[in-house]
file entry-v4.json (JSON, N, CA and C atoms and all ligand atoms)
[["chain", "number", "residue", "atom", "x", "y", "z"],
["A", 1, "MET", "N", -66.08, -48.89, -49.41],
["A", 1, "MET", "CA", -67.47, -49.17, -49.80],
["A", 1, "MET", "C", -68.41, -48.73, -48.68],
["A", 2, "THR", "N", -69.52, -48.13, -49.08],
["A", 2, "THR", "CA", -70.53, -47.68, -48.13],
["A", 2, "THR", "C", -71.86, -48.27, -48.54],
["A", 3, "GLN", "N", -72.64, -48.69, -47.55],
["A", 3, "GLN", "CA", -73.96, -49.21, -47.87],
["A", 3, "GLN", "C", -74.96, -48.04, -47.80],
["A", 4, "VAL", "N", -75.67, -47.83, -48.91],
["A", 4, "VAL", "CA", -76.56, -46.69, -49.05],
["A", 4, "VAL", "C", -77.97, -47.18, -49.35],
["A", 5, "SER", "N", -78.98, -46.61, -48.67],
["A", 5, "SER", "CA", -80.37, -46.95, -48.97],
["A", 5, "SER", "C", -80.79, -46.23, -50.25],
["A", 6, "ILE", "N", -81.40, -46.97, -51.18],
["A", 6, "ILE", "CA", -81.86, -46.35, -52.42],
["A", 6, "ILE", "C", -83.39, -46.39, -52.54],
["A", 7, "GLY", "N", -84.06, -46.78, -51.47],
["A", 7, "GLY", "CA", -85.52, -46.76, -51.48],
["A", 7, "GLY", "C", -86.08, -48.07, -50.99],
["A", 8, "SER", "N", -87.37, -48.26, -51.28],
["A", 8, "SER", "CA", -88.04, -49.48, -50.85],
["A", 8, "SER", "C", -88.29, -50.37, -52.07],
["A", 9, "ILE", "N", -88.61, -51.62, -51.81],
["A", 9, "ILE", "CA", -88.81, -52.59, -52.89],
["A", 9, "ILE", "C", -89.87, -52.09, -53.88],
["A", 10, "SER", "N", -90.92, -51.45, -53.36],
["A", 10, "SER", "CA", -92.01, -50.99, -54.23],
["A", 10, "SER", "C", -91.59, -49.86, -55.17],
["A", 11, "ASP", "N", -90.42, -49.26, -54.93],
["A", 11, "ASP", "CA", -89.91, -48.22, -55.84],
["A", 11, "ASP", "C", -89.38, -48.82, -57.14],
["A", 12, "PHE", "N", -89.25, -50.15, -57.18],
["A", 12, "PHE", "CA", -88.64, -50.80, -58.35],
["A", 12, "PHE", "C", -89.62, -51.80, -58.95],
["A", 13, "PRO", "N", -90.42, -51.35, -59.91],
["A", 13, "PRO", "CA", -91.37, -52.25, -60.57],
["A", 13, "PRO", "C", -90.62, -53.39, -61.27],
["A", 14, "GLU", "N", -91.24, -54.53, -61.31],
["A", 14, "GLU", "CA", -90.65, -55.72, -61.94],
["A", 14, "GLU", "C", -90.16, -55.42, -63.36],
["A", 15, "ALA", "N", -88.91, -55.82, -63.63],
["A", 15, "ALA", "CA", -88.34, -55.80, -64.98],
["A", 15, "ALA", "C", -88.28, -54.41, -65.61],
["A", 16, "THR", "N", -88.20, -53.37, -64.79],
["A", 16, "THR", "CA", -88.18, -51.99, -65.29],
["A", 16, "THR", "C", -86.88, -51.31, -64.85],
["A", 17, "PRO", "N", -85.94, -51.07, -65.77],
["A", 17, "PRO", "CA", -84.69, -50.42, -65.38],
["A", 17, "PRO", "C", -84.95, -49.00, -64.87],
["A", 18, "THR", "N", -84.31, -48.64, -63.76],
["A", 18, "THR", "CA", -84.53, -47.34, -63.13],
["A", 18, "THR", "C", -83.17, -46.73, -62.79],
["A", 19, "ARG", "N", -82.99, -45.45, -63.14],
["A", 19, "ARG", "CA", -81.74, -44.75, -62.79],
["A", 19, "ARG", "C", -81.85, -44.21, -61.37],
["A", 20, "VAL", "N", -80.84, -44.47, -60.55],
["A", 20, "VAL", "CA", -80.82, -44.03, -59.16],
["A", 20, "VAL", "C", -79.44, -43.45, -58.86],
["A", 21, "GLU", "N", -79.39, -42.33, -58.14],
["A", 21, "GLU", "CA", -78.12, -41.78, -57.67],
["A", 21, "GLU", "C", -77.88, -42.28, -56.25],
["A", 22, "ALA", "N", -76.73, -42.87, -56.00],
["A", 22, "ALA", "CA", -76.41, -43.35, -54.65],
["A", 22, "ALA", "C", -75.02, -42.85, -54.29],
["A", 23, "ASP", "N", -74.96, -41.89, -53.37],
["A", 23, "ASP", "CA", -73.68, -41.38, -52.90],
["A", 23, "ASP", "C", -72.80, -40.90, -54.06],
["A", 24, "GLY", "N", -73.43, -40.24, -55.05],
["A", 24, "GLY", "CA", -72.69, -39.69, -56.17],
["A", 24, "GLY", "C", -72.44, -40.67, -57.31],
["A", 25, "THR", "N", -72.93, -41.89, -57.17],
["A", 25, "THR", "CA", -72.76, -42.89, -58.22],
["A", 25, "THR", "C", -74.09, -43.13, -58.92],
["A", 26, "ALA", "N", -74.09, -43.07, -60.26],
["A", 26, "ALA", "CA", -75.32, -43.33, -61.02],
["A", 26, "ALA", "C", -75.47, -44.83, -61.25],
["A", 27, "LEU", "N", -76.60, -45.37, -60.81],
["A", 27, "LEU", "CA", -76.86, -46.80, -60.91],
["A", 27, "LEU", "C", -78.04, -47.06, -61.82],
["A", 28, "CYS", "N", -78.00, -48.20, -62.51],
["A", 28, "CYS", "CA", -79.16, -48.74, -63.20],
["A", 28, "CYS", "C", -79.65, -49.90, -62.34],
["A", 29, "VAL", "N", -80.84, -49.75, -61.77],
["A", 29, "VAL", "CA", -81.37, -50.72, -60.81],
["A", 29, "VAL", "C", -82.59, -51.39, -61.43],
["A", 30, "ILE", "N", -82.68, -52.70, -61.25],
["A", 30, "ILE", "CA", -83.82, -53.42, -61.79],
["A", 30, "ILE", "C", -84.18, -54.58, -60.87],
["A", 31, "ARG", "N", -85.49, -54.75, -60.67],
["A", 31, "ARG", "CA", -85.98, -55.89, -59.87],
["A", 31, "ARG", "C", -86.40, -57.01, -60.82],
["A", 32, "VAL", "N", -85.90, -58.19, -60.53],
["A", 32, "VAL", "CA", -86.26, -59.38, -61.30],
["A", 32, "VAL", "C", -86.72, -60.42, -60.29],
["A", 33, "GLY", "N", -88.04, -60.60, -60.20],
["A", 33, "GLY", "CA", -88.58, -61.50, -59.18],
["A", 33, "GLY", "C", -88.28, -60.94, -57.80],
["A", 34, "ASP", "N", -87.68, -61.77, -56.93],
["A", 34, "ASP", "CA", -87.38, -61.28, -55.58],
["A", 34, "ASP", "C", -85.95, -60.79, -55.45],
["A", 35, "ARG", "N", -85.26, -60.61, -56.60],
["A", 35, "ARG", "CA", -83.89, -60.08, -56.56],
["A", 35, "ARG", "C", -83.85, -58.69, -57.17],
["A", 36, "ILE", "N", -82.97, -57.86, -56.61],
["A", 36, "ILE", "CA", -82.74, -56.53, -57.20],
["A", 36, "ILE", "C", -81.27, -56.45, -57.60],
["A", 37, "HIS", "N", -81.04, -56.02, -58.84],
["A", 37, "HIS", "CA", -79.69, -55.90, -59.37],
["A", 37, "HIS", "C", -79.34, -54.42, -59.54],
["A", 38, "ALA", "N", -78.07, -54.10, -59.35],
["A", 38, "ALA", "CA", -77.60, -52.72, -59.57],
["A", 38, "ALA", "C", -76.28, -52.78, -60.33],
["A", 39, "ILE", "N", -76.24, -52.08, -61.47],
["A", 39, "ILE", "CA", -75.00, -51.96, -62.24],
["A", 39, "ILE", "C", -74.77, -50.47, -62.50],
["A", 40, "CYS", "N", -73.55, -50.13, -62.91],
["A", 40, "CYS", "CA", -73.25, -48.74, -63.29],
["A", 40, "CYS", "C", -74.21, -48.33, -64.40],
["A", 41, "ASP", "N", -74.76, -47.12, -64.29],
["A", 41, "ASP", "CA", -75.75, -46.69, -65.30],
["A", 41, "ASP", "C", -75.12, -46.18, -66.59],
["A", 42, "ASP", "N", -73.84, -45.83, -66.54],
["A", 42, "ASP", "CA", -73.19, -45.22, -67.71],
["A", 42, "ASP", "C", -72.58, -46.30, -68.61],
["A", 43, "CYS", "N", -73.09, -46.39, -69.83],
["A", 43, "CYS", "CA", -72.50, -47.34, -70.79],
["A", 43, "CYS", "C", -71.05, -46.95, -71.05],
["A", 44, "PRO", "N", -70.11, -47.90, -70.97],
["A", 44, "PRO", "CA", -68.70, -47.55, -71.16],
["A", 44, "PRO", "C", -68.34, -47.24, -72.61],
["A", 45, "HIS", "N", -69.25, -47.47, -73.56],
["A", 45, "HIS", "CA", -68.95, -47.17, -74.95],
["A", 45, "HIS", "C", -69.06, -45.67, -75.23],
["A", 46, "ALA", "N", -70.22, -45.08, -74.94],
["A", 46, "ALA", "CA", -70.38, -43.65, -75.20],
["A", 46, "ALA", "C", -71.28, -43.00, -74.15],
["A", 47, "GLU", "N", -71.33, -43.62, -72.97],
["A", 47, "GLU", "CA", -71.97, -43.02, -71.80],
["A", 47, "GLU", "C", -73.46, -42.78, -71.91],
["A", 48, "ALA", "N", -74.17, -43.61, -72.64],
["A", 48, "ALA", "CA", -75.64, -43.56, -72.60],
["A", 48, "ALA", "C", -76.10, -44.08, -71.24],
["A", 49, "SER", "N", -77.31, -43.70, -70.85],
["A", 49, "SER", "CA", -77.89, -44.21, -69.60],
["A", 49, "SER", "C", -78.50, -45.59, -69.87],
["A", 50, "LEU", "N", -77.95, -46.60, -69.21],
["A", 50, "LEU", "CA", -78.48, -47.96, -69.42],
["A", 50, "LEU", "C", -79.91, -48.10, -68.92],
["A", 51, "ALA", "N", -80.31, -47.24, -67.97],
["A", 51, "ALA", "CA", -81.68, -47.29, -67.46],
["A", 51, "ALA", "C", -82.70, -46.93, -68.55],
["A", 52, "ASP", "N", -82.21, -46.30, -69.64],
["A", 52, "ASP", "CA", -83.10, -46.01, -70.77],
["A", 52, "ASP", "C", -83.18, -47.18, -71.75],
["A", 53, "GLY", "N", -82.44, -48.24, -71.47],
["A", 53, "GLY", "CA", -82.40, -49.38, -72.36],
["A", 53, "GLY", "C", -83.46, -50.42, -72.03],
["A", 54, "ASP", "N", -83.44, -51.50, -72.78],
["A", 54, "ASP", "CA", -84.42, -52.59, -72.60],
["A", 54, "ASP", "C", -83.83, -53.70, -71.75],
["A", 55, "PHE", "N", -84.69, -54.32, -70.95],
["A", 55, "PHE", "CA", -84.32, -55.49, -70.17],
["A", 55, "PHE", "C", -84.53, -56.73, -71.03],
["A", 56, "LEU", "N", -83.49, -57.54, -71.18],
["A", 56, "LEU", "CA", -83.57, -58.78, -71.94],
["A", 56, "LEU", "C", -83.67, -59.92, -70.93],
["A", 57, "ALA", "N", -84.90, -60.32, -70.63],
["A", 57, "ALA", "CA", -85.14, -61.24, -69.51],
["A", 57, "ALA", "C", -84.45, -62.58, -69.71],
["A", 58, "GLY", "N", -84.46, -63.11, -70.93],
["A", 58, "GLY", "CA", -83.90, -64.44, -71.18],
["A", 58, "GLY", "C", -82.42, -64.52, -70.84],
["A", 59, "ASP", "N", -81.71, -63.43, -71.06],
["A", 59, "ASP", "CA", -80.26, -63.42, -70.83],
["A", 59, "ASP", "C", -79.87, -62.65, -69.58],
["A", 60, "LEU", "N", -80.84, -62.12, -68.85],
["A", 60, "LEU", "CA", -80.59, -61.29, -67.66],
["A", 60, "LEU", "C", -79.62, -60.15, -68.01],
["A", 61, "GLU", "N", -79.96, -59.42, -69.08],
["A", 61, "GLU", "CA", -79.11, -58.35, -69.56],
["A", 61, "GLU", "C", -79.92, -57.06, -69.75],
["A", 62, "ILE", "N", -79.18, -55.93, -69.73],
["A", 62, "ILE", "CA", -79.75, -54.64, -70.12],
["A", 62, "ILE", "C", -79.10, -54.24, -71.44],
["A", 63, "GLU", "N", -79.94, -53.90, -72.42],
["A", 63, "GLU", "CA", -79.43, -53.51, -73.73],
["A", 63, "GLU", "C", -79.32, -51.99, -73.79],
["A", 64, "CYS", "N", -78.12, -51.51, -74.14],
["A", 64, "CYS", "CA", -77.90, -50.06, -74.24],
["A", 64, "CYS", "C", -78.82, -49.46, -75.32],
["A", 65, "PRO", "N", -79.45, -48.31, -75.01],
["A", 65, "PRO", "CA", -80.39, -47.73, -75.98],
["A", 65, "PRO", "C", -79.72, -47.11, -77.20],
["A", 66, "LEU", "N", -78.40, -46.83, -77.13],
["A", 66, "LEU", "CA", -77.77, -46.15, -78.26],
["A", 66, "LEU", "C", -77.27, -47.10, -79.35],
["A", 67, "HIS", "N", -76.42, -48.06, -78.99],
["A", 67, "HIS", "CA", -75.82, -48.91, -80.03],
["A", 67, "HIS", "C", -76.01, -50.40, -79.78],
["A", 68, "GLY", "N", -76.79, -50.75, -78.76],
["A", 68, "GLY", "CA", -77.22, -52.14, -78.63],
["A", 68, "GLY", "C", -76.33, -53.10, -77.88],
["A", 69, "SER", "N", -75.22, -52.63, -77.29],
["A", 69, "SER", "CA", -74.47, -53.56, -76.44],
["A", 69, "SER", "C", -75.36, -53.98, -75.27],
["A", 70, "ALA", "N", -75.23, -55.25, -74.86],
["A", 70, "ALA", "CA", -76.07, -55.75, -73.77],
["A", 70, "ALA", "C", -75.17, -56.20, -72.63],
["A", 71, "PHE", "N", -75.50, -55.76, -71.42],
["A", 71, "PHE", "CA", -74.65, -56.01, -70.25],
["A", 71, "PHE", "C", -75.34, -56.96, -69.29],
["A", 72, "ASN", "N", -74.59, -57.98, -68.85],
["A", 72, "ASN", "CA", -75.13, -58.96, -67.91],
["A", 72, "ASN", "C", -75.27, -58.33, -66.52],
["A", 73, "LEU", "N", -76.39, -58.58, -65.89],
["A", 73, "LEU", "CA", -76.67, -57.96, -64.58],
["A", 73, "LEU", "C", -75.85, -58.58, -63.45],
["A", 74, "VAL", "N", -75.32, -59.77, -63.66],
["A", 74, "VAL", "CA", -74.54, -60.44, -62.61],
["A", 74, "VAL", "C", -73.04, -60.17, -62.77],
["A", 75, "THR", "N", -72.56, -60.21, -64.02],
["A", 75, "THR", "CA", -71.12, -60.06, -64.25],
["A", 75, "THR", "C", -70.74, -58.66, -64.72],
["A", 76, "GLY", "N", -71.68, -57.92, -65.29],
["A", 76, "GLY", "CA", -71.39, -56.61, -65.88],
["A", 76, "GLY", "C", -70.77, -56.69, -67.26],
["A", 77, "GLU", "N", -70.48, -57.90, -67.74],
["A", 77, "GLU", "CA", -69.79, -58.07, -69.03],
["A", 77, "GLU", "C", -70.75, -57.80, -70.21],
["A", 78, "PRO", "N", -70.23, -57.16, -71.28],
["A", 78, "PRO", "CA", -71.06, -56.98, -72.47],
["A", 78, "PRO", "C", -71.05, -58.26, -73.30],
["A", 79, "SER", "N", -72.20, -58.59, -73.87],
["A", 79, "SER", "CA", -72.26, -59.78, -74.72],
["A", 79, "SER", "C", -72.31, -59.40, -76.19],
["A", 80, "GLU", "N", -72.51, -58.11, -76.45],
["A", 80, "GLU", "CA", -72.61, -57.64, -77.84],
["A", 80, "GLU", "C", -71.71, -56.43, -78.00],
["A", 81, "PRO", "N", -70.99, -56.29, -79.14],
["A", 81, "PRO", "CA", -70.27, -55.06, -79.41],
["A", 81, "PRO", "C", -71.26, -53.92, -79.70],
["A", 82, "PRO", "N", -70.88, -52.65, -79.71],
["A", 82, "PRO", "CA", -69.49, -52.18, -79.75],
["A", 82, "PRO", "C", -68.81, -52.05, -78.39],
["A", 83, "ALA", "N", -69.53, -52.08, -77.27],
["A", 83, "ALA", "CA", -68.86, -51.96, -75.97],
["A", 83, "ALA", "C", -67.96, -53.17, -75.75],
["A", 84, "THR", "N", -66.78, -52.93, -75.19],
["A", 84, "THR", "CA", -65.86, -54.03, -74.90],
["A", 84, "THR", "C", -65.54, -54.12, -73.41],
["A", 85, "GLU", "N", -65.83, -53.05, -72.66],
["A", 85, "GLU", "CA", -65.54, -53.04, -71.22],
["A", 85, "GLU", "C", -66.80, -53.40, -70.44],
["A", 86, "ALA", "N", -66.59, -54.07, -69.30],
["A", 86, "ALA", "CA", -67.70, -54.38, -68.40],
["A", 86, "ALA", "C", -68.10, -53.14, -67.62],
["A", 87, "VAL", "N", -69.34, -53.12, -67.16],
["A", 87, "VAL", "CA", -69.77, -52.10, -66.22],
["A", 87, "VAL", "C", -69.62, -52.66, -64.80],
["A", 88, "ALA", "N", -69.47, -51.76, -63.83],
["A", 88, "ALA", "CA", -69.38, -52.19, -62.43],
["A", 88, "ALA", "C", -70.71, -52.78, -61.98],
["A", 89, "VAL", "N", -70.63, -53.81, -61.15],
["A", 89, "VAL", "CA", -71.80, -54.43, -60.54],
["A", 89, "VAL", "C", -71.73, -54.16, -59.04],
["A", 90, "TYR", "N", -72.86, -53.75, -58.46],
["A", 90, "TYR", "CA", -72.90, -53.38, -57.05],
["A", 90, "TYR", "C", -73.74, -54.39, -56.27],
["A", 91, "ALA", "N", -73.26, -54.71, -55.07],
["A", 91, "ALA", "CA", -73.98, -55.67, -54.22],
["A", 91, "ALA", "C", -75.23, -55.00, -53.65],
["A", 92, "VAL", "N", -76.33, -55.72, -53.73],
["A", 92, "VAL", "CA", -77.61, -55.22, -53.22],
["A", 92, "VAL", "C", -78.07, -56.11, -52.07],
["A", 93, "THR", "N", -78.51, -55.48, -50.99],
["A", 93, "THR", "CA", -79.07, -56.20, -49.85],
["A", 93, "THR", "C", -80.49, -55.69, -49.62],
["A", 94, "ILE", "N", -81.39, -56.61, -49.36],
["A", 94, "ILE", "CA", -82.76, -56.21, -49.02],
["A", 94, "ILE", "C", -82.95, -56.45, -47.53],
["A", 95, "ASP", "N", -83.30, -55.38, -46.81],
["A", 95, "ASP", "CA", -83.47, -55.45, -45.36],
["A", 95, "ASP", "C", -84.89, -55.03, -45.04],
["A", 96, "GLY", "N", -85.77, -56.01, -44.87],
["A", 96, "GLY", "CA", -87.18, -55.69, -44.71],
["A", 96, "GLY", "C", -87.70, -55.18, -46.04],
["A", 97, "ASP", "N", -88.12, -53.90, -46.07],
["A", 97, "ASP", "CA", -88.58, -53.29, -47.31],
["A", 97, "ASP", "C", -87.51, -52.38, -47.91],
["A", 98, "ASP", "N", -86.42, -52.19, -47.19],
["A", 98, "ASP", "CA", -85.34, -51.29, -47.62],
["A", 98, "ASP", "C", -84.41, -51.96, -48.61],
["A", 99, "VAL", "N", -84.02, -51.20, -49.63],
["A", 99, "VAL", "CA", -83.04, -51.70, -50.61],
["A", 99, "VAL", "C", -81.72, -50.95, -50.37],
["A", 100, "LEU", "N", -80.68, -51.69, -50.08],
["A", 100, "LEU", "CA", -79.37, -51.12, -49.75],
["A", 100, "LEU", "C", -78.37, -51.54, -50.81],
["A", 101, "VAL", "N", -77.53, -50.58, -51.24],
["A", 101, "VAL", "CA", -76.51, -50.88, -52.26],
["A", 101, "VAL", "C", -75.15, -50.49, -51.71],
["A", 102, "GLU", "N", -74.16, -51.32, -51.98],
["A", 102, "GLU", "CA", -72.77, -50.99, -51.59],
["A", 102, "GLU", "C", -72.10, -50.25, -52.72],
["A", 103, "VAL", "N", -71.79, -48.97, -52.47],
["A", 103, "VAL", "CA", -71.12, -48.17, -53.49],
["A", 103, "VAL", "C", -69.82, -47.62, -52.96],
["B", 201, "LIG", "S1", -73.37, -45.95, -75.93],
["B", 201, "LIG", "FE1", -73.86, -47.97, -75.24],
["B", 201, "LIG", "S2", -73.27, -49.25, -76.90],
["B", 201, "LIG", "FE2", -72.76, -47.26, -77.55]]
call {"tool": "encode", "arguments": {"input": "entry-v4.json", "output": "structure tokens"}}
result
Amino acid sequence: MTQVSIGSISDFPEATPTRVEADGTALCVIRVGDRIHAICDDCPHAEASLADGDFLAGDLEIECPLHGSAFNLVTGEPSEPPATEAVAVYAVTIDGDDVLVEV
């Protein structure tokens, strides 16, 4: 695992999924309040970009834009079919204004 800077806090508007490349890994990054979450951006069902999906604030999930599976930002688990596999979840550290992800 390597800790990689993916930008500053202001690069991530509240509740807006953003696709970021970190050391060759595509991430879906989203800021929720003072926390920033990072999950794998590729939906395991048919590889849509989760950053193009909707944030479901009540459940802390990202809904895939293609077929509607929703992935939890903390566990990576899907709560809705057709996806059955979890996406990877990456640890995020905020250091001052820097956002660091372990990939
Ligand atoms: S591509 Fe994401 S649910 Fe089908």
call {"tool": "closest_atom_pairs", "arguments": {"input": "entry-v4.json", "of": "chain A", "to": "ligand LIG 201 (chain B)", "cutoff": "8 Å", "atoms": "only N, CA and C atoms and all ligand atoms", "output": "CSV"}}
result
residue,atom,partner,partner_atom,distance
A:Asp42,C,B:LIG201,FE1,7.0
A:Cys43,CA,B:LIG201,FE1,4.7
A:Pro44,N,B:LIG201,FE1,5.7
A:His45,C,B:LIG201,S1,4.4
A:Ala46,N,B:LIG201,S1,3.4
A:Glu47,N,B:LIG201,S1,4.3
A:Ala48,N,B:LIG201,S1,4.1
A:Ser49,N,B:LIG201,S1,6.8
A:Leu50,N,B:LIG201,FE1,7.4
A:Glu63,C,B:LIG201,FE1,6.9
A:Cys64,CA,B:LIG201,FE1,4.7
A:Pro65,N,B:LIG201,FE1,5.6
A:Leu66,C,B:LIG201,FE2,4.9
A:His67,N,B:LIG201,S2,4.0
A:Gly68,N,B:LIG201,S2,4.3
A:Ser69,N,B:LIG201,S2,3.9
A:Ala70,N,B:LIG201,S2,6.6
A:Glu80,C,B:LIG201,S2,7.4
A:Pro81,C,B:LIG201,S2,5.8
A:Pro82,N,B:LIG201,S2,5.0
A:Ala83,N,B:LIG201,S2,4.7
A:Thr84,N,B:LIG201,S2,7.7
call {"tool": "atom_distance", "arguments": {"input": "entry-v4.json", "atom1": "atom N of Ala57 (chain A)", "atom2": "CA of Thr2 (chain A)"}}
result
29.5 Å
call {"tool": "residues_around", "arguments": {"input": "entry-v4.json", "residues": "Cys28 (chain A)", "least_positions_apart": "2", "cutoff": "6 Å", "atoms": "only C-alpha atoms", "output": "JSON, numbers by chain"}}
result
{"A": [18, 19, 38, 39, 40, 41, 51]}
call {"tool": "write_last_selection", "arguments": {"input": "entry-v4.json", "atoms": "N, CA and C atoms", "output": "compact mmCIF listing (two decimals), keeping the file's coordinate frame"}}
result
# COMPACT_ATOMS: atom_id res chain seq x y z
N THR A 18 -84.31 -48.64 -63.76
CA THR A 18 -84.53 -47.34 -63.13
C THR A 18 -83.17 -46.73 -62.79
N ARG A 19 -82.99 -45.45 -63.14
CA ARG A 19 -81.74 -44.75 -62.79
C ARG A 19 -81.85 -44.21 -61.37
N ALA A 38 -78.07 -54.10 -59.35
CA ALA A 38 -77.60 -52.72 -59.57
C ALA A 38 -76.28 -52.78 -60.33
N ILE A 39 -76.24 -52.08 -61.47
CA ILE A 39 -75.00 -51.96 -62.24
C ILE A 39 -74.77 -50.47 -62.50
N CYS A 40 -73.55 -50.13 -62.91
CA CYS A 40 -73.25 -48.74 -63.29
C CYS A 40 -74.21 -48.33 -64.40
N ASP A 41 -74.76 -47.12 -64.29
CA ASP A 41 -75.75 -46.69 -65.30
C ASP A 41 -75.12 -46.18 -66.59
N ALA A 51 -80.31 -47.24 -67.97
CA ALA A 51 -81.68 -47.29 -67.46
C ALA A 51 -82.70 -46.93 -68.55
call {"tool": "closest_residue", "arguments": {"input": "entry-v4.json", "among": "A:Leu56, A:Ala22, A:Val92, A:Ile30", "to": "Val4 (chain A)", "atoms": "only C-alpha atoms"}}
result
A:Ala22
call {"tool": "atom_distance", "arguments": {"input": "entry-v4.json", "atom1": "atom N of Asp97 (chain A)", "atom2": "atom C of Ser10 (chain A)"}}
result
10.5 Å
call {"tool": "select_by_dssp", "arguments": {"input": "entry-v4.json", "residues": "chain A", "states": "strand (DSSP E)", "output": "VMD selection string"}}
result
chain A and resid 3 to 8 18 to 22 25 to 32 35 to 40 54 to 56 61 to 63 70 to 72 89 to 90 92 to 95 98 to 102
call {"tool": "atom_distance", "arguments": {"input": "entry-v4.json", "atom1": "atom C of Phe55 (chain A)", "atom2": "atom C of Ile94 (chain A)"}}
result
23.6 Å
call {"tool": "closest_residue", "arguments": {"input": "entry-v4.json", "among": "A:Glu85, A:Glu21, A:Asp52, A:Glu61", "to": "Gly7 (chain A)", "atoms": "only C-alpha atoms"}}
result
A:Glu21
call {"tool": "residues_around", "arguments": {"input": "entry-v4.json", "residues": "Val89 (chain A)", "least_positions_apart": "6", "cutoff": "8 Å", "atoms": "all atoms listed in the file", "output": "count of residues only"}}
result
11
call {"tool": "closest_residue", "arguments": {"input": "entry-v4.json", "among": "A:Asp98, A:Asp34, A:Asp59, A:Asp54", "to": "Ser5 (chain A)", "atoms": "only N, CA and C atoms"}}
result
A:Asp98
